[in-house]
$ cat query.pdb   # PDB, C-alpha atoms and all ligand atoms
ATOM      1  CA  MET A  49      11.286 -12.294   2.329
ATOM      2  CA  LYS A  50      12.218  -8.627   2.604
ATOM      3  CA  PRO A  51       9.467  -6.161   1.660
ATOM      4  CA  ARG A  52       9.870  -4.162  -1.563
ATOM      5  CA  LYS A  53      11.695  -0.855  -1.351
ATOM      6  CA  VAL A  54       9.485   2.203  -0.839
ATOM      7  CA  THR A  55      10.218   4.717  -3.607
ATOM      8  CA  LYS A  56       6.861   6.467  -4.068
ATOM      9  CA  ALA A  57       5.197   8.933  -1.728
ATOM     10  CA  VAL A  58       1.756  10.514  -1.805
ATOM     11  CA  PHE A  59       1.217  14.029  -0.452
ATOM     12  CA  PRO A  60      -2.512  14.672   0.025
ATOM     13  CA  VAL A  61      -2.876  18.452  -0.245
ATOM     14  CA  ALA A  62      -6.445  18.768  -1.479
ATOM     15  CA  GLY A  63      -8.061  19.745   1.843
ATOM     16  CA  LEU A  64      -9.827  23.071   2.269
ATOM     17  CA  GLY A  65      -7.689  24.184   5.223
ATOM     18  CA  THR A  66     -10.672  25.894   6.850
ATOM     19  CA  ARG A  67      -8.899  26.328  10.182
ATOM     20  CA  PHE A  68      -6.632  28.895   8.570
ATOM     21  CA  LEU A  69      -9.275  30.976   6.828
ATOM     22  CA  PRO A  70      -9.082  33.688   5.606
ATOM     23  CA  ALA A  71      -5.398  32.994   4.739
ATOM     24  CA  THR A  72      -6.255  29.740   2.964
ATOM     25  CA  LYS A  73      -8.851  31.415   0.770
ATOM     26  CA  SER A  74      -6.067  32.065  -1.733
ATOM     27  CA  ILE A  75      -2.934  30.412  -0.277
ATOM     28  CA  PRO A  76      -2.687  26.640   0.015
ATOM     29  CA  LYS A  77      -2.105  25.656   3.651
ATOM     30  CA  GLU A  78       0.996  23.739   2.557
ATOM     31  CA  ILE A  79       2.622  26.938   1.252
ATOM     32  CA  MET A  80       2.357  28.604   4.658
ATOM     33  CA  THR A  81       5.824  29.252   5.960
ATOM     34  CA  LEU A  82       7.742  28.045   9.011
ATOM     35  CA  VAL A  83      10.568  30.590   9.272
ATOM     36  CA  ASP A  84      11.439  30.725   5.542
ATOM     37  CA  ARG A  85      10.358  27.356   4.162
ATOM     38  CA  PRO A  86       6.829  26.329   3.271
ATOM     39  CA  LEU A  87       5.357  23.341   5.105
ATOM     40  CA  ILE A  88       5.524  21.250   1.942
ATOM     41  CA  GLN A  89       9.320  21.701   1.740
ATOM     42  CA  TYR A  90       9.779  20.038   5.129
ATOM     43  CA  ALA A  91       7.733  17.047   3.965
ATOM     44  CA  ILE A  92       9.619  16.758   0.672
ATOM     45  CA  ASP A  93      12.999  16.944   2.420
ATOM     46  CA  GLU A  94      11.893  14.193   4.802
ATOM     47  CA  ALA A  95      10.732  11.997   1.927
ATOM     48  CA  ARG A  96      13.979  12.505   0.007
ATOM     49  CA  ALA A  97      16.001  11.525   3.079
ATOM     50  CA  ALA A  98      13.987   8.289   3.239
ATOM     51  CA  GLY A  99      14.901   7.368  -0.348
ATOM     52  CA  ILE A 100      11.679   8.464  -2.072
ATOM     53  CA  LYS A 101      12.157   9.029  -5.810
ATOM     54  CA  GLU A 102       8.600   9.699  -7.035
ATOM     55  CA  PHE A 103       6.429  12.383  -5.477
ATOM     56  CA  ILE A 104       2.682  12.264  -6.060
ATOM     57  CA  PHE A 105       0.590  15.266  -5.077
ATOM     58  CA  VAL A 106      -3.160  14.975  -4.690
ATOM     59  CA  THR A 107      -4.307  18.539  -5.284
ATOM     60  CA  SER A 108      -7.490  20.480  -5.852
ATOM     61  CA  ARG A 109      -8.605  23.813  -7.240
ATOM     62  CA  GLY A 110      -6.637  26.798  -5.996
ATOM     63  CA  LYS A 111      -3.393  24.910  -5.344
ATOM     64  CA  SER A 112      -1.400  26.103  -8.362
ATOM     65  CA  ALA A 113       1.070  27.922  -6.061
ATOM     66  CA  LEU A 114       2.260  24.459  -5.038
ATOM     67  CA  GLU A 115       2.987  23.445  -8.634
ATOM     68  CA  ASP A 116       4.864  26.698  -9.284
ATOM     69  CA  TYR A 117       6.885  26.258  -6.115
ATOM     70  CA  PHE A 118       8.461  23.039  -7.391
ATOM     71  CA  ASP A 119       9.121  24.360 -10.886
ATOM     72  CA  HIS A 120      12.269  26.149 -12.042
ATOM     73  CA  ALA A 121      12.210  29.949 -11.903
ATOM     74  CA  PRO A 122      14.500  30.838 -14.846
ATOM     75  CA  GLU A 123      14.261  34.653 -14.477
ATOM     76  CA  LEU A 124      14.904  34.607 -10.747
ATOM     77  CA  GLU A 125      17.741  32.126 -11.119
ATOM     78  CA  SER A 126      19.514  34.051 -13.901
ATOM     79  CA  GLU A 127      19.174  37.282 -11.902
ATOM     80  CA  LEU A 128      20.742  35.617  -8.852
ATOM     81  CA  ARG A 129      23.499  34.184 -11.038
ATOM     82  CA  ARG A 130      24.168  37.624 -12.533
ATOM     83  CA  LYS A 131      24.489  39.065  -9.034
ATOM     84  CA  ASN A 132      26.702  36.165  -7.973
ATOM     85  CA  LYS A 133      24.317  35.164  -5.153
ATOM     86  CA  THR A 134      25.479  31.563  -5.020
ATOM     87  CA  ASP A 135      24.147  31.035  -1.478
ATOM     88  CA  LEU A 136      20.597  31.873  -2.582
ATOM     89  CA  LEU A 137      20.906  29.699  -5.689
ATOM     90  CA  GLU A 138      21.907  26.887  -3.358
ATOM     91  CA  VAL A 139      18.811  27.534  -1.198
ATOM     92  CA  LEU A 140      16.608  27.278  -4.289
ATOM     93  CA  LYS A 141      18.070  23.901  -5.268
ATOM     94  CA  ASP A 142      15.883  22.068  -2.730
ATOM     95  CA  THR A 143      12.771  23.400  -4.458
ATOM     96  CA  ASN A 144      13.659  21.938  -7.852
ATOM     97  CA  MET A 145      12.425  18.528  -8.866
ATOM     98  CA  ASP A 146      13.819  16.421 -11.680
ATOM     99  CA  SER A 147      11.541  16.266 -14.707
ATOM    100  CA  GLY A 148       9.108  13.407 -14.270
ATOM    101  CA  ALA A 149       9.808  12.940 -10.552
ATOM    102  CA  ILE A 150       6.688  14.813  -9.521
ATOM    103  CA  ALA A 151       3.104  14.085 -10.536
ATOM    104  CA  TYR A 152      -0.193  15.789  -9.751
ATOM    105  CA  VAL A 153      -3.626  14.231  -9.598
ATOM    106  CA  ARG A 154      -6.809  16.086  -8.791
ATOM    107  CA  GLN A 155      -9.307  15.265  -6.114
ATOM    108  CA  ASN A 156     -12.440  16.914  -7.470
ATOM    109  CA  ARG A 157     -14.271  17.024  -4.144
ATOM    110  CA  PRO A 158     -12.815  16.950  -0.616
ATOM    111  CA  LEU A 159     -14.210  13.534   0.315
ATOM    112  CA  GLY A 160     -11.598  12.823   2.953
ATOM    113  CA  LEU A 161      -8.045  11.575   3.312
ATOM    114  CA  GLY A 162      -8.891   8.019   2.243
ATOM    115  CA  HIS A 163     -10.454   9.291  -0.952
ATOM    116  CA  ALA A 164      -7.441  11.559  -1.606
ATOM    117  CA  VAL A 165      -5.065   8.573  -1.391
ATOM    118  CA  TRP A 166      -7.414   6.514  -3.568
ATOM    119  CA  CYS A 167      -7.212   9.229  -6.248
ATOM    120  CA  ALA A 168      -3.485   8.405  -6.622
ATOM    121  CA  ARG A 169      -4.037   4.645  -7.104
ATOM    122  CA  ARG A 170      -3.026   4.485 -10.787
ATOM    123  CA  LEU A 171       0.232   6.301 -10.146
ATOM    124  CA  ILE A 172       1.045   4.076  -7.177
ATOM    125  CA  GLY A 173       0.377   0.766  -8.932
ATOM    126  CA  ASP A 174       1.125  -2.480  -7.126
ATOM    127  CA  GLU A 175       3.884  -1.501  -4.704
ATOM    128  CA  PRO A 176       4.194  -0.221  -1.137
ATOM    129  CA  PHE A 177       4.069   3.560  -0.831
ATOM    130  CA  ALA A 178       4.472   6.279   1.762
ATOM    131  CA  VAL A 179       1.905   8.935   2.659
ATOM    132  CA  LEU A 180       3.004  12.188   4.252
ATOM    133  CA  LEU A 181       0.621  14.836   5.545
ATOM    134  CA  PRO A 182       2.567  18.085   5.224
ATOM    135  CA  ASP A 183       0.718  19.784   8.071
ATOM    136  CA  ASP A 184       2.334  17.341  10.504
ATOM    137  CA  VAL A 185       5.873  18.679  10.776
ATOM    138  CA  ILE A 186       8.314  16.481  12.676
ATOM    139  CA  ALA A 187      11.574  17.723  14.126
ATOM    140  CA  ALA A 188      13.908  14.752  14.497
ATOM    141  CA  GLU A 189      17.601  13.997  14.378
ATOM    142  CA  LYS A 190      16.920  11.200  11.886
ATOM    143  CA  PRO A 191      13.906  12.171   9.730
ATOM    144  CA  CYS A 192      10.760  10.306  10.798
ATOM    145  CA  LEU A 193      10.034   8.596   7.471
ATOM    146  CA  GLN A 194      13.622   7.352   7.298
ATOM    147  CA  GLN A 195      13.220   5.784  10.758
ATOM    148  CA  MET A 196      10.003   4.167   9.534
ATOM    149  CA  VAL A 197      11.499   2.815   6.302
ATOM    150  CA  GLU A 198      14.221   1.102   8.331
ATOM    151  CA  ALA A 199      11.668  -0.434  10.703
ATOM    152  CA  TYR A 200       9.363  -1.402   7.801
ATOM    153  CA  ASP A 201      12.197  -3.422   6.321
ATOM    154  CA  ARG A 202      11.700  -5.796   9.269
ATOM    155  CA  THR A 203       7.881  -5.798   9.433
ATOM    156  CA  GLY A 204       6.389  -5.276   5.932
ATOM    157  CA  GLY A 205       2.588  -4.863   5.993
ATOM    158  CA  CYS A 206       1.341  -1.383   6.868
ATOM    159  CA  MET A 207       3.159   0.962   9.207
ATOM    160  CA  VAL A 208       1.799   4.121  10.818
ATOM    161  CA  ALA A 209       3.728   6.705  12.841
ATOM    162  CA  ALA A 210       2.422   6.708  16.397
ATOM    163  CA  MET A 211       2.839   8.816  19.492
ATOM    164  CA  GLU A 212       1.545   8.721  23.045
ATOM    165  CA  VAL A 213      -1.064  11.402  23.773
ATOM    166  CA  PRO A 214      -2.862  12.260  27.048
ATOM    167  CA  PRO A 215      -6.024  10.065  27.166
ATOM    168  CA  PRO A 216      -8.526  12.965  26.857
ATOM    169  CA  LYS A 217      -6.802  14.017  23.617
ATOM    170  CA  ALA A 218      -6.934  10.569  22.000
ATOM    171  CA  SER A 219     -10.385  11.290  20.565
ATOM    172  CA  ALA A 220      -8.849  13.783  18.139
ATOM    173  CA  TYR A 221      -6.783  11.077  16.394
ATOM    174  CA  GLY A 222      -6.874   7.625  14.877
ATOM    175  CA  VAL A 223      -5.982   5.339  17.814
ATOM    176  CA  LEU A 224      -4.262   1.940  17.784
ATOM    177  CA  ASP A 225      -5.665  -1.131  19.486
ATOM    178  CA  ILE A 226      -2.433  -2.804  20.588
ATOM    179  CA  ALA A 227      -2.002  -6.577  20.276
ATOM    180  CA  GLU A 228       1.765  -6.773  20.974
ATOM    181  CA  ASP A 229       4.054  -4.047  22.264
ATOM    182  CA  HIS A 230       7.720  -4.406  21.313
ATOM    183  CA  GLY A 231       8.880  -0.945  22.328
ATOM    184  CA  ASN A 232       9.288   1.223  19.261
ATOM    185  CA  ILE A 233       7.192  -1.178  17.160
ATOM    186  CA  VAL A 234       3.719  -2.340  18.185
ATOM    187  CA  ARG A 235       1.505  -4.761  16.309
ATOM    188  CA  ALA A 236      -2.074  -3.546  16.142
ATOM    189  CA  ARG A 237      -5.207  -5.667  16.195
ATOM    190  CA  GLY A 238      -7.246  -2.677  15.053
ATOM    191  CA  MET A 239      -7.397   1.049  14.616
ATOM    192  CA  VAL A 240     -10.264   3.422  15.423
ATOM    193  CA  GLU A 241     -10.756   6.899  13.966
ATOM    194  CA  LYS A 242     -11.532   9.596  16.552
ATOM    195  CA  PRO A 243     -13.004   7.333  19.258
ATOM    196  CA  LYS A 244     -14.954   8.775  22.186
ATOM    197  CA  ALA A 245     -12.555   9.251  25.126
ATOM    198  CA  GLU A 246     -14.098   6.298  27.022
ATOM    199  CA  ASP A 247     -13.883   4.002  23.948
ATOM    200  CA  ALA A 248     -10.256   4.704  22.989
ATOM    201  CA  PRO A 249      -8.444   1.329  22.890
ATOM    202  CA  SER A 250      -5.118   2.976  23.931
ATOM    203  CA  ASN A 251      -3.477   6.370  24.035
ATOM    204  CA  LEU A 252      -1.243   5.577  21.070
ATOM    205  CA  ALA A 253      -2.319   8.027  18.376
ATOM    206  CA  VAL A 254      -1.596   7.861  14.659
ATOM    207  CA  ILE A 255      -0.058  10.930  13.037
ATOM    208  CA  GLY A 256       0.542  11.874   9.427
ATOM    209  CA  ARG A 257       3.216   9.434   8.248
ATOM    210  CA  TYR A 258       2.332   6.063   6.772
ATOM    211  CA  ILE A 259       3.911   3.252   4.771
ATOM    212  CA  LEU A 260       1.117   1.314   3.148
ATOM    213  CA  SER A 261       0.653  -1.893   1.257
ATOM    214  CA  PRO A 262      -1.098  -1.558  -2.140
ATOM    215  CA  LYS A 263      -3.846  -3.720  -0.598
ATOM    216  CA  VAL A 264      -5.018  -0.589   1.182
ATOM    217  CA  LEU A 265      -5.953   0.792  -2.245
ATOM    218  CA  THR A 266      -8.112  -2.272  -2.892
ATOM    219  CA  ASN A 267      -9.737  -1.757   0.508
ATOM    220  CA  LEU A 268     -10.360   1.894  -0.339
ATOM    221  CA  ASN A 269     -12.003   0.819  -3.591
ATOM    222  CA  ARG A 270     -14.534  -1.169  -1.631
ATOM    223  CA  LEU A 271     -15.061   1.552   0.978
ATOM    224  CA  LYS A 272     -15.546   4.102  -1.755
ATOM    225  CA  GLN A 273     -18.452   2.134  -3.113
ATOM    226  CA  GLY A 274     -20.016   1.831   0.329
ATOM    227  CA  ALA A 275     -19.312   5.173   1.968
ATOM    228  CA  GLY A 276     -21.720   8.077   2.142
ATOM    229  CA  GLY A 277     -19.580  10.809   3.689
ATOM    230  CA  GLU A 278     -15.814  11.026   4.160
ATOM    231  CA  ILE A 279     -13.774   8.006   3.151
ATOM    232  CA  GLN A 280     -11.456   7.232   6.039
ATOM    233  CA  LEU A 281      -7.929   6.028   5.421
ATOM    234  CA  THR A 282      -7.980   4.571   8.937
ATOM    235  CA  ASP A 283     -10.713   2.077   8.032
ATOM    236  CA  ALA A 284      -8.858   0.867   4.933
ATOM    237  CA  ILE A 285      -5.653   0.357   6.951
ATOM    238  CA  ALA A 286      -7.504  -1.307   9.848
ATOM    239  CA  GLU A 287      -8.710  -4.050   7.455
ATOM    240  CA  GLU A 288      -5.078  -5.176   7.169
ATOM    241  CA  ALA A 289      -4.997  -5.772  10.937
ATOM    242  CA  GLU A 290      -7.577  -8.562  10.510
ATOM    243  CA  PRO A 291      -6.221 -12.159  10.754
ATOM    244  CA  ASP A 292      -6.133 -12.496   6.930
ATOM    245  CA  GLY A 293      -4.532  -9.059   6.441
ATOM    246  CA  GLU A 294      -0.875  -8.163   5.911
ATOM    247  CA  GLY A 295      -0.443  -6.721   9.422
ATOM    248  CA  VAL A 296      -0.565  -3.192  10.839
ATOM    249  CA  TYR A 297       2.317  -1.842  12.890
ATOM    250  CA  GLY A 298       2.562   1.347  14.906
ATOM    251  CA  PHE A 299       5.987   2.940  15.015
ATOM    252  CA  ARG A 300       6.944   5.106  17.987
ATOM    253  CA  PHE A 301       9.208   7.558  16.189
ATOM    254  CA  ARG A 302      11.912   9.580  17.885
ATOM    255  CA  GLY A 303      11.165  13.254  17.383
ATOM    256  CA  LEU A 304       8.739  16.058  18.094
ATOM    257  CA  ARG A 305       5.606  16.430  16.032
ATOM    258  CA  TYR A 306       3.927  19.789  15.480
ATOM    259  CA  ASP A 307       0.331  19.955  14.329
ATOM    260  CA  CYS A 308       0.707  22.773  11.833
ATOM    261  CA  GLY A 309      -2.894  22.233  10.687
ATOM    262  CA  SER A 310      -3.942  24.067  13.869
ATOM    263  CA  LYS A 311      -3.092  27.653  14.759
ATOM    264  CA  ALA A 312      -1.597  26.825  18.169
ATOM    265  CA  GLY A 313       0.547  24.043  16.678
ATOM    266  CA  PHE A 314       1.714  26.284  13.865
ATOM    267  CA  LEU A 315       2.785  28.991  16.317
ATOM    268  CA  GLN A 316       4.601  26.442  18.508
ATOM    269  CA  ALA A 317       6.450  25.128  15.460
ATOM    270  CA  THR A 318       7.392  28.663  14.402
ATOM    271  CA  VAL A 319       8.978  29.296  17.810
ATOM    272  CA  ALA A 320      10.737  25.902  17.908
ATOM    273  CA  PHE A 321      12.108  26.125  14.354
ATOM    274  CA  GLY A 322      13.072  29.783  14.844
ATOM    275  CA  LEU A 323      15.041  28.901  17.967
ATOM    276  CA  SER A 324      16.736  25.963  16.241
ATOM    277  CA  ARG A 325      18.173  28.184  13.500
ATOM    278  CA  PRO A 326      21.745  29.331  14.160
ATOM    279  CA  ASP A 327      21.167  32.573  12.206
ATOM    280  CA  LEU A 328      18.120  33.534  14.317
ATOM    281  CA  ARG A 329      18.604  31.815  17.651
ATOM    282  CA  ASP A 330      20.253  34.673  19.566
ATOM    283  CA  GLU A 331      18.092  37.557  18.403
ATOM    284  CA  PHE A 332      14.829  35.606  18.551
ATOM    285  CA  GLY A 333      15.676  33.929  21.876
ATOM    286  CA  THR A 334      16.504  37.285  23.503
ATOM    287  CA  TYR A 335      13.231  38.721  22.212
ATOM    288  CA  LEU A 336      11.212  35.810  23.636
ATOM    289  CA  HIS A 337      12.920  36.153  27.028
ATOM    290  CA  GLU A 338      12.192  39.864  27.141
ATOM    291  CA  MET A 339       8.619  39.308  26.141
ATOM    292  CA  MET A 340       8.069  36.656  28.822
ATOM    293  CA  ALA A 341       9.631  38.948  31.441
ATOM    294  CA  GLN A 342       7.338  41.802  30.396
ATOM    295  CA  GLN A 343       4.298  39.548  30.588
ATOM    296  CA  LYS A 344       5.272  38.342  34.063
ATOM    297  CA  ALA A 345       5.812  41.908  35.266
ATOM    298  CA  ALA A 346       2.399  42.907  33.933
ATOM    299  CA  GLN A 347       0.596  40.107  35.851
TER
HETATM  300  P1  LIG A 401      -7.260  18.004   7.490
HETATM  301  O1  LIG A 401      -8.066  17.126   8.344
HETATM  302  O2  LIG A 401      -6.219  18.847   8.155
HETATM  303  O3  LIG A 401      -8.247  18.908   6.644
HETATM  304  O4  LIG A 401      -6.591  17.098   6.381
HETATM  305  P2  LIG A 401      -7.954  20.243   5.847
HETATM  306  O5  LIG A 401      -9.056  20.455   4.883
HETATM  307  O6  LIG A 401      -6.562  20.237   5.266
HETATM  308  O7  LIG A 401      -7.969  21.386   6.980
HETATM  309  P3  LIG A 401      -9.160  21.936   7.908
HETATM  310  O8  LIG A 401      -9.465  20.847   8.900
HETATM  311  O9  LIG A 401     -10.334  22.318   7.041
HETATM  312  O10 LIG A 401      -8.539  23.153   8.551
HETATM  313  C1  LIG A 401      -5.422  16.341   6.605
HETATM  314  C2  LIG A 401      -4.665  16.191   5.297
HETATM  315  O11 LIG A 401      -5.470  15.504   4.334
HETATM  316  C3  LIG A 401      -5.605  16.275   3.153
HETATM  317  C4  LIG A 401      -5.338  17.713   3.586
HETATM  318  O12 LIG A 401      -4.881  18.497   2.490
HETATM  319  C5  LIG A 401      -4.278  17.527   4.669
HETATM  320  O13 LIG A 401      -2.981  17.380   4.111
HETATM  321  N1  LIG A 401      -6.975  16.075   2.619
HETATM  322  C6  LIG A 401      -8.047  16.099   3.463
HETATM  323  C7  LIG A 401      -7.152  15.864   1.276
HETATM  324  O14 LIG A 401      -6.178  15.850   0.479
HETATM  325  N2  LIG A 401      -8.429  15.689   0.814
HETATM  326  C8  LIG A 401      -9.501  15.685   1.614
HETATM  327  O15 LIG A 401     -10.638  15.498   1.130
HETATM  328  C9  LIG A 401      -9.312  15.919   2.980
END

$ encode --input "query.pdb" --output "structure tokens"
Amino acid sequence: MKPRKVTKAVFPVAGLGTRFLPATKSIPKEIMTLVDRPLIQYAIDEARAAGIKEFIFVTSRGKSALEDYFDHAPELESELRRKNKTDLLEVLKDTNMDSGAIAYVRQNRPLGLGHAVWCARRLIGDEPFAVLLPDDVIAAEKPCLQQMVEAYDRTGGCMVAAMEVPPPKASAYGVLDIAEDHGNIVRARGMVEKPKAEDAPSNLAVIGRYILSPKVLTNLNRLKQGAGGEIQLTDAIAEEAEPDGEGVYGFRFRGLRYDCGSKAGFLQATVAFGLSRPDLRDEFGTYLHEMMAQQKAAQ
């Protein structure tokens, strides 16, 4: 039997974003801008391309800029219309959401990613759903979540986006314990959150795209009752890799992932996305070349 279609996506955006302080004191991390689009726009575009129709944001205090971003801006729009700026009106279209397509739930305390997803349980109901972490930005010919939805159609269960990392770096991620490797899809027998380098079961790391069975919400319910500190999404997914679970699959996506939750990753993404833009490529590329040459000469 084919799995149900995935039409809902959760965007956990309730984190404190401490790595970007002081900027994130008053600006949500997800509003920070790669070239001219906030991080959240990249995630929404990716979800739309994958067929997502309902967008669920898990927010917290101080994130109202996110809600405003996806609302209409009648004054701005009528001013642009008056000035006949149709190209800019077109640009704004991507930021508008149909009424009722977007929902916000609050996470009152930052108790971790698992808890953030759990906060959305009533809006998700009893169907598979996607989770996208907007600070993982993925450049890909076919958007990553779309690749995953197509693969999920064959596997069902739970699917996580996975990428090979150098072994010493594996301890910064959730890592898959591989039972069967079928190339772009692997079946996992377990998943460990931030293992010590010597304990990592593989170098296949999980990044911020997931398609999850509603059973994960039930697992989170149980973990929530037991956990003292952060409630890990990894643990709730790993339960489905047990023999009586629905199965956990890693998906080796085609594309480049940028960790925009870290300063170095954000800067790398800015350069890559700047260079990929036809309107900026020449000027920005020339500047980078000159800068590199100057640095070399100075050494
Ligand atoms: P991070 O681990 O990047 O944490 O969360 P953070 O708070 O955003 O940033 P730093 O580490 O303090 O700089 C990964 C994702 O999970 C969400 C974040 O908003 C981000 O999208 N998250 C994390 C929540 O929604 N709630 C939480 O309690 C924790």

$ closest_atom_pairs --input "query.pdb" --of "chain A" --to "ligand LIG 401 (chain A)" --cutoff "9 Å" --atoms "only C-alpha atoms and all ligand atoms" --output "Markdown table"
| residue | atom | partner | partner_atom | distance |
| --- | --- | --- | --- | --- |
| A:Phe59 | CA | A:LIG401 | O13 | 7.0 |
| A:Pro60 | CA | A:LIG401 | O14 | 3.9 |
| A:Val61 | CA | A:LIG401 | O12 | 3.4 |
| A:Ala62 | CA | A:LIG401 | O14 | 3.5 |
| A:Gly63 | CA | A:LIG401 | O5 | 3.3 |
| A:Leu64 | CA | A:LIG401 | O5 | 3.8 |
| A:Gly65 | CA | A:LIG401 | O7 | 3.3 |
| A:Thr66 | CA | A:LIG401 | O9 | 3.6 |
| A:Arg67 | CA | A:LIG401 | O10 | 3.6 |
| A:Phe68 | CA | A:LIG401 | O10 | 6.1 |
| A:Leu69 | CA | A:LIG401 | O10 | 8.0 |
| A:Thr72 | CA | A:LIG401 | O10 | 8.9 |
| A:Pro76 | CA | A:LIG401 | O12 | 8.8 |
| A:Lys77 | CA | A:LIG401 | O6 | 7.2 |
| A:Glu78 | CA | A:LIG401 | O13 | 7.7 |
| A:Phe105 | CA | A:LIG401 | O14 | 8.8 |
| A:Val106 | CA | A:LIG401 | O14 | 6.0 |
| A:Thr107 | CA | A:LIG401 | O14 | 6.6 |
| A:Ser108 | CA | A:LIG401 | O14 | 8.0 |
| A:Gln155 | CA | A:LIG401 | N2 | 7.0 |
| A:Asn156 | CA | A:LIG401 | O15 | 8.9 |
| A:Arg157 | CA | A:LIG401 | O15 | 6.6 |
| A:Pro158 | CA | A:LIG401 | O15 | 3.1 |
| A:Leu159 | CA | A:LIG401 | O15 | 4.2 |
| A:Gly160 | CA | A:LIG401 | O15 | 3.4 |
| A:Leu161 | CA | A:LIG401 | C6 | 4.5 |
| A:Gly162 | CA | A:LIG401 | C8 | 7.7 |
| A:His163 | CA | A:LIG401 | O15 | 6.5 |
| A:Ala164 | CA | A:LIG401 | N2 | 4.9 |
| A:Val165 | CA | A:LIG401 | O14 | 7.6 |
| A:Leu180 | CA | A:LIG401 | O13 | 7.9 |
| A:Leu181 | CA | A:LIG401 | O13 | 4.6 |
| A:Pro182 | CA | A:LIG401 | O13 | 5.7 |
| A:Asp183 | CA | A:LIG401 | O13 | 5.9 |
| A:Asp184 | CA | A:LIG401 | O13 | 8.3 |
| A:Gly256 | CA | A:LIG401 | C2 | 7.9 |
| A:Glu278 | CA | A:LIG401 | O15 | 7.5 |
| A:Ile279 | CA | A:LIG401 | O15 | 8.4 |
| A:Cys308 | CA | A:LIG401 | O2 | 8.8 |
| A:Gly309 | CA | A:LIG401 | O2 | 5.4 |
| A:Ser310 | CA | A:LIG401 | O10 | 7.1 |

$ residues_around --input "query.pdb" --residues "range 143-149 of chain A" --least-positions-apart "4" --cutoff "6 Å" --atoms "all atoms listed in the file" --output "ChimeraX atom specification"
/A:102,118-119

$ write_last_selection --input "query.pdb" --atoms "C-alpha atoms" --output "short mmCIF file (atom, residue, chain, number, x, y, z; two decimals), in the frame of the given file"
data_model
loop_
_atom_site.label_atom_id
_atom_site.label_comp_id
_atom_site.auth_asym_id
_atom_site.auth_seq_id
_atom_site.Cartn_x
_atom_site.Cartn_y
_atom_site.Cartn_z
CA GLU A 102 8.60 9.70 -7.04
CA PHE A 118 8.46 23.04 -7.39
CA ASP A 119 9.12 24.36 -10.89
#

$ closest_residue --input "query.pdb" --among "A:Ala284, A:Leu328, A:Ala248, A:Leu140" --to "Ala121 in chain A" --atoms "all atoms listed in the file"
A:Leu140

$ residues_around --input "query.pdb" --residues "range 285-298 of chain A" --least-positions-apart "2" --cutoff "7 Å" --atoms "only C-alpha atoms" --output "PDB file with C-alpha atoms, keeping the file's coordinate frame"
ATOM      1  CA  GLY A 205       2.588  -4.863   5.993  1.00  0.00           C
ATOM      2  CA  CYS A 206       1.341  -1.383   6.868  1.00  0.00           C
ATOM      3  CA  MET A 207       3.159   0.962   9.207  1.00  0.00           C
ATOM      4  CA  VAL A 208       1.799   4.121  10.818  1.00  0.00           C
ATOM      5  CA  ALA A 209       3.728   6.705  12.841  1.00  0.00           C
ATOM      6  CA  ALA A 210       2.422   6.708  16.397  1.00  0.00           C
ATOM      7  CA  ILE A 233       7.192  -1.178  17.160  1.00  0.00           C
ATOM      8  CA  VAL A 234       3.719  -2.340  18.185  1.00  0.00           C
ATOM      9  CA  ARG A 235       1.505  -4.761  16.309  1.00  0.00           C
ATOM     10  CA  ALA A 236      -2.074  -3.546  16.142  1.00  0.00           C
ATOM     11  CA  ARG A 237      -5.207  -5.667  16.195  1.00  0.00           C
ATOM     12  CA  GLY A 238      -7.246  -2.677  15.053  1.00  0.00           C
ATOM     13  CA  MET A 239      -7.397   1.049  14.616  1.00  0.00           C
ATOM     14  CA  VAL A 264      -5.018  -0.589   1.182  1.00  0.00           C
ATOM     15  CA  LEU A 281      -7.929   6.028   5.421  1.00  0.00           C
ATOM     16  CA  THR A 282      -7.980   4.571   8.937  1.00  0.00           C
ATOM     17  CA  ASP A 283     -10.713   2.077   8.032  1.00  0.00           C
ATOM     18  CA  ARG A 300       6.944   5.106  17.987  1.00  0.00           C
TER      19      ARG A 300
END

$ atom_distance --input "query.pdb" --atom1 "CA of Ser261 in chain A" --atom2 "CA of Glu175 in chain A"
6.8 Å

$ resolve_selection --input "query.pdb" --expression "the PyMOL selection byres (((chain A and resi 221) around 10) and not hetatm)" --output "list of chain:residue names"
A:Val213, A:Lys217, A:Ala218, A:Ser219, A:Ala220, A:Gly222, A:Val223, A:Leu224, A:Val240, A:Glu241, A:Lys242, A:Pro243, A:Ala248, A:Asn251, A:Leu252, A:Ala253, A:Val254, A:Ile255, A:Thr282

$ resolve_selection --input "query.pdb" --expression "the PyMOL selection byres (((chain A and resi 189) around 12) and not hetatm)" --output "list in words"
Glu94, Ala97, Ile186, Ala187, Ala188, Lys190, Pro191, Cys192, Leu193, Gln194, Gln195, Phe301, Arg302, Gly303 and Leu304 of chain A

$ atom_distance --input "query.pdb" --atom1 "CA of Phe103 in chain A" --atom2 "CA of Thr134 in chain A"
27.0 Å

$ axis_aligned_box --input "query.pdb" --around "range 218-223 of chain A" --padding-each-side "4 Å" --output "JSON"
{"center_x": -8.2, "center_y": 9.6, "center_z": 18.4, "size_x": 12.4, "size_y": 16.4, "size_z": 15.1}

$ atom_distance --input "query.pdb" --atom1 "CA of Arg305 in chain A" --atom2 "CA of Arg96 in chain A"
18.5 Å

$ closest_residue --input "query.pdb" --among "A:Ala341, A:Ile226, A:Leu323, A:Val197" --to "Arg52 in chain A" --atoms "only C-alpha atoms"
A:Val197

$ residues_around --input "query.pdb" --residues "Asp142 in chain A" --least-positions-apart "3" --cutoff "12 Å" --atoms "all atoms listed in the file" --output "NGL selection string"
:A and (85-86 or 88-94 or 96 or 117-120 or 136-139 or 145-146)
